[in-house]
Amino acid sequence: MATEKKNKKDTSSKQNLEKFETETSKDIADRIYAISEGIVHQIENNHSPTFSTKVRGLSNVYFDDKAGYIQLGDKTVTRPFLNLGAARKFMQTMLVNDKCHEYLRHEKTASIREIYYELKHTVEHTKENTFDAQEESNDVIVDIEHSVNTIREKLGLHAEPRGSLYGDITLKDLKHNNDVFNCNSLGRGGWSIMSRIEPEEVEIVDVNADMVLVIETAAMYNRLIEEKYAAKSGAILVGTSGQAARGARRLIHRLHYEYNLPVIVFTDGDPYGWYIYSVIKSGSMALAAHSKYLAVPDAKYVGMTLTDVEDYKLQNVTEKMKEGDIKRAKEMLDYQWFKSKDWQAQLKIAIDKKIRIEQQALANKSLDFVAKKYLPEKIEAEKFLE
Amino acid sequence: MPTDDNRQEVKDEIKPKDDTKPSKDGIDANVLFTEFKEHSVADFFKKNRQMLGLYGKQRTLTTIIHELVTNSLDACEEAGILPDIDVKISELGEEYYEISVSDNGPGIPEDKIGSALGKLLAGTKFHRLIQTRGQQGIGVSGIILFSQITTGKPTKVISGTSSGKTVSLEISIDSKTNTPKISDKHYLEKKFRGLAVKAKFKDIQYKKGQASVDEYLRRTAISNPHTSIKFEDPMQQVTEYKRTVKVMPKMPTQVQPHPKGVTVDEMLSLARYSPARKVSSYLTTTFDRFGQTAVDSVAKIVHFDLEKDPKKLTWEEAEEIVHAIKQTKFIAPSTDNLVPIGEEFIEKSLRSIVNPEFCFVYTRKPSVYQGGYSFQIEVGLAYGGEAGRLVTVEPSFQRSKKGQQEDESPREVRVSEVVRYANKAPLLFDAGGCAITKTVSSIDWKRYGIQNFDNSPVTVFVNLISVHIPYTSAGKSAIADEEEIVSEIKLALQDVARRLGTYLIQKKREEEKKEKRKVFAKYAPEVVKALVHTTNADAKALQKNLDKMVLEKLRMEEEAEARGEKIEEDVVEDNGASENDE
């Protein structure tokens, strides 16, 4: 399976990246400043101060059939300070907005947990905290991203990185001594995918592979490395350790669009795993605005499927499904990108039989079964769930 | 030695109107009288302690106080004197107390003391259809006898009238003959008007709590705003309730039963004792509002001659009359006999003694219940402040949301209380079986803004006024579920509850307004600081303008509210979708 051919960078999709590439920190800082300045003007003119951002709930996301991913609509929400339900959030927004402005001016970056701690304090003369939980500052960060129309990384913020990369791929870290490294030779764990993976920070120098295999569990990622699956099958392995983080999704997206590599997703056979696939393929509601830079509508799903249970005689290693999983499966029945006959059948089996099958269940056959038989067989025959 | 005459006297006093009392009252005076004939008074007394409310150590004490205080109140009111009553309990030993009650009433003339206090069941109010507190009148004599039975000691009495000398004496009752024995009589130098009774008792116990003397006196003070009560408990702690009004309550008068609601049984038994020679005159003389027009109307309906001797009335005929009465119009029962405390006075009293944050009272119009007895309901609803009953809550070890241990010291909280009265006399016992308690529980308090009634600072005051209180049992501590009474209590409570509800909503709005101002005020400095840090704007100017806007917004909301417009809804954002995919 392994090939020697070097993947050519496809420059035709470069325009995709243009906007993010050309905007400088100063541009973003100016936009943040403009928000604050606008509010100052409102107050100076005795107008009730308001902050506007895009609505990101179900009412403002839709599935774009043509593009093949979730898009954000145009609905905006205006949050007035002088409203009981909105006052606290308005205050929090001002704090985060100011802090991002400061980061950008001083060319600093912080994790979203760090900005939470940096801004958390007791509101003067009260016993109340500015933020009680990180979810509150996270929410506000997303509000500002959408208001400024950028991504958090451009705000000087980054999420906790999660996910690993392994395989014959050479990267250049432009933010760290221009290090050039091949992800085959970084040890057994591969490279830790950064939260920020934009071209001006990480350059993909060279790729020598036929596909990108996205793996849900760290255990399976390690199993495949130990079985030397990457080399044998010409695969770049991306371990997501659960739901794929932004960095991992952005990297998968770039590998697909810049190097035309097919993306194959391999997760546990349950609604949670399938949802991971769904997010990689079609985007998520929370990041609907950025689907264009994150979603890979061509991503294929290799397994686990409940059909595998029959095909590979795994009946005695299935698990019982939890109530939450069943609920999610029912919701997924209605997702437009799961409307295909095969997916509907798959979800219905899950709902009826209430069983799930883990990736590691394949070890029931033998440890190397997944690398020697399961994946090669299914990928060769293109037995994908579509 | 007992004489026939003596017994005959008792008989004459009791017998004639016995049968006017329906048997459901629990005390059938016929039985009482028969008992009298066959046993000595003391024996009767011992056998009927239960019935007289003299059972249970705490309850007995409360009953003793009740009898003495009621006696004082009635005496003062009959003489038109605003009562000042002093109650003192001293502990002499284990379950051994001395109780003294004194008043500023008319006193008892020296020669009448014996017969007034030393003769059991000699009271005049036993079988009158009149609104009285005691209604039954085992009275002070019963208390003297009880003291005598438990301690063997006589009761000390000091009496002073406005004209005569102040006399001090000791009185006991010859329980075989039911006659008073007076000893140690002497005159006092000191000028005194009123009656002071001091007696020792065993087999009773002083305790604090819901059925205590303290609570009895507190409630008596509430229902008798024209009275001052001073109480010294065995620990020598003095509680004083000052009168809140200086007007004497109207005296109740004796009345006849109203025809509507008379049962066949009553129709028949009243006829037996009527001196009238014709049924028609029996009807007009026995019943309230029964005029010639009504007699004519009844005569047209019944199938027998109303000229007939009432003593020969048959059950069927009595039934016909009762049926005919139902189809006949009568003027509503006369209400002169009912003396409500009055809304103004109840409110004054509740405000002074319960000291609530808010208080609503309502005196319903008189009504009549089964048996033809008129009655009237008065309610009061005191909320907040010191309303309700203070209870100590043991610490709970629940953790709060933030995982901190809750305060572990016992806390005092106020819970709801129902203060029940029959003709202004507090009912302290058998709350569960009482129509008042049951009706209070049947109210859907949530509808009136009280979410958790049991644990709210509420005092519910209910006074049932009637010439004949339908008690559930001889203990006279709970009111029976008479449909009309329950319905009146309910209507009255709903009325005050509605008013409380309106008040609570207003209060909540006020608090919300205050809360709003606080919310904006607390966040404004944070907002200003952040804006100034980004833009270098003038902090003072921003803060000043924001403050102004907050006030302006609240003012506009208030105006909109006054115009009845809907206030702008609080923003609920549709941004809930934050998934764990970042």
# chains A, B, ... in the order shown; residues from 1 in each chain; ligands from 1
call {"tool": "residues_around", "arguments": {"residues": "A:His121", "least_positions_apart": "2", "cutoff": "12 Å", "atoms": "only C-alpha atoms", "output": "MDAnalysis selection string"}}
result
(chainID A and resid 92 95 115:119 123:133) or (chainID B and resid 526)
call {"tool": "write_last_selection", "arguments": {"atoms": "C-alpha atoms", "output": "PDB file, in the first residue's frame"}}
result
ATOM      1  CA  GLN A  92     -18.119  39.837  31.293  1.00  0.00           C
ATOM      2  CA  LEU A  95     -13.739  42.347  30.513  1.00  0.00           C
ATOM      3  CA  ILE A 115      -7.786  34.348  30.516  1.00  0.00           C
ATOM      4  CA  TYR A 116     -10.514  32.946  32.775  1.00  0.00           C
ATOM      5  CA  TYR A 117      -8.192  33.056  35.741  1.00  0.00           C
ATOM      6  CA  GLU A 118      -6.737  36.385  34.752  1.00  0.00           C
ATOM      7  CA  LEU A 119     -10.188  38.011  34.724  1.00  0.00           C
ATOM      8  CA  VAL A 123     -16.967  42.399  41.818  1.00  0.00           C
ATOM      9  CA  GLU A 124     -16.282  45.374  44.061  1.00  0.00           C
ATOM     10  CA  HIS A 125     -18.583  45.760  47.084  1.00  0.00           C
ATOM     11  CA  THR A 126     -20.192  42.377  46.453  1.00  0.00           C
ATOM     12  CA  LYS A 127     -19.587  38.726  47.134  1.00  0.00           C
ATOM     13  CA  GLU A 128     -20.006  37.931  43.463  1.00  0.00           C
ATOM     14  CA  ASN A 129     -17.285  36.780  41.108  1.00  0.00           C
ATOM     15  CA  THR A 130     -16.860  38.236  37.653  1.00  0.00           C
ATOM     16  CA  PHE A 131     -16.797  34.657  36.420  1.00  0.00           C
ATOM     17  CA  ASP A 132     -17.921  31.619  38.357  1.00  0.00           C
ATOM     18  CA  ALA A 133     -16.848  28.979  35.871  1.00  0.00           C
TER      19      ALA A 133
ATOM     20  CA  GLU B 526     -16.487  46.857  36.091  1.00  0.00           C
TER      21      GLU B 526
END
call {"tool": "interface_residues", "arguments": {"of": "chain A", "to": "chain B", "cutoff": "6 Å", "atoms": "only C-alpha atoms", "output": "ChimeraX atom specification"}}
result
/A:36,56-57,85,91,94-95,98,243,245-246,286
call {"tool": "atom_distance", "arguments": {"atom1": "atom CA of B:Ala480", "atom2": "atom CA of B:Val496"}}
result
22.9 Å
call {"tool": "atom_distance", "arguments": {"atom1": "atom CA of B:Pro257", "atom2": "atom CA of B:Thr363"}}
result
21.8 Å
call {"tool": "select_by_dssp", "arguments": {"residues": "stretch 90-213 of chain A", "states": "strand (DSSP E)", "output": "list in words"}}
result
Ala110, Ser111, Leu157, His158, Ser164, Leu165, Tyr166, Ile169, Thr170, Leu171, Lys172, Asp173, Asp179, Val180, Phe181, Asn182, Trp191, Ser192, Val202, Glu203, Ile204, Val205, Asp206, Val207, Met211, Val212 and Leu213 of chain A
call {"tool": "residues_around", "arguments": {"residues": "A:Gly190", "least_positions_apart": "6", "cutoff": "7 Å", "atoms": "only C-alpha atoms", "output": "list in words"}}
result
Ser164, Leu165, Tyr166, Cys183 and Asn184 of chain A
call {"tool": "closest_residue", "arguments": {"among": "A:Leu294, A:Ala299, A:Leu82, A:Ile379", "to": "A:Val263", "atoms": "only C-alpha atoms"}}
result
A:Ala299
call {"tool": "closest_residue", "arguments": {"among": "B:Asp495, B:Glu215, B:Glu98, B:Asp233", "to": "B:Arg420", "atoms": "only C-alpha atoms"}}
result
B:Glu215
call {"tool": "residues_around", "arguments": {"residues": "B:Leu313", "least_positions_apart": "2", "cutoff": "9 Å", "atoms": "only C-alpha atoms", "output": "PDB file with C-alpha atoms, in the first residue's frame"}}
result
ATOM      1  CA  LEU B 268     -90.138  17.890  68.052  1.00  0.00           C
ATOM      2  CA  ALA B 271     -92.403  21.427  71.050  1.00  0.00           C
ATOM      3  CA  ARG B 272     -92.400  19.114  74.084  1.00  0.00           C
ATOM      4  CA  VAL B 279     -98.500  24.617  67.257  1.00  0.00           C
ATOM      5  CA  LYS B 308    -103.092  21.354  67.480  1.00  0.00           C
ATOM      6  CA  ASP B 309    -101.366  20.959  70.865  1.00  0.00           C
ATOM      7  CA  PRO B 310     -97.622  21.108  70.255  1.00  0.00           C
ATOM      8  CA  LYS B 311     -96.995  18.378  72.853  1.00  0.00           C
ATOM      9  CA  TRP B 315     -92.590  12.953  64.065  1.00  0.00           C
ATOM     10  CA  GLU B 316     -94.276  13.000  60.678  1.00  0.00           C
ATOM     11  CA  GLU B 317     -95.965  16.308  61.417  1.00  0.00           C
ATOM     12  CA  ALA B 318     -92.745  17.846  62.679  1.00  0.00           C
TER      13      ALA B 318
END
call {"tool": "closest_residue", "arguments": {"among": "A:Lys354, A:Arg254, A:Lys300, A:Lys348", "to": "A:Lys378", "atoms": "only C-alpha atoms"}}
result
A:Lys300
call {"tool": "residues_around", "arguments": {"residues": "stretch 179-186 of chain B", "least_positions_apart": "6", "cutoff": "8 Å", "atoms": "only C-alpha atoms", "output": "VMD selection string"}}
result
chain B and resid 114 to 115 117 to 119 167 to 173
call {"tool": "select_by_dssp", "arguments": {"residues": "stretch 22-163 of chain A", "states": "helix (DSSP H, G or I)", "output": "MDAnalysis selection string"}}
result
chainID A and resid 22 25:44 58:60 87:105 112:119 134:148 152:155
call {"tool": "residues_around", "arguments": {"residues": "stretch 373-375 of chain B", "least_positions_apart": "5", "cutoff": "7 Å", "atoms": "only C-alpha atoms", "output": "PyMOL selection string"}}
result
chain B and resi 257-258+333+366-368+464-468
call {"tool": "residues_around", "arguments": {"residues": "A:Pro271", "least_positions_apart": "2", "cutoff": "12 Å", "atoms": "only C-alpha atoms", "output": "ChimeraX atom specification"}}
result
/A:243,267-269,273-278,303-306,321-333,338,343,346-351,354-358
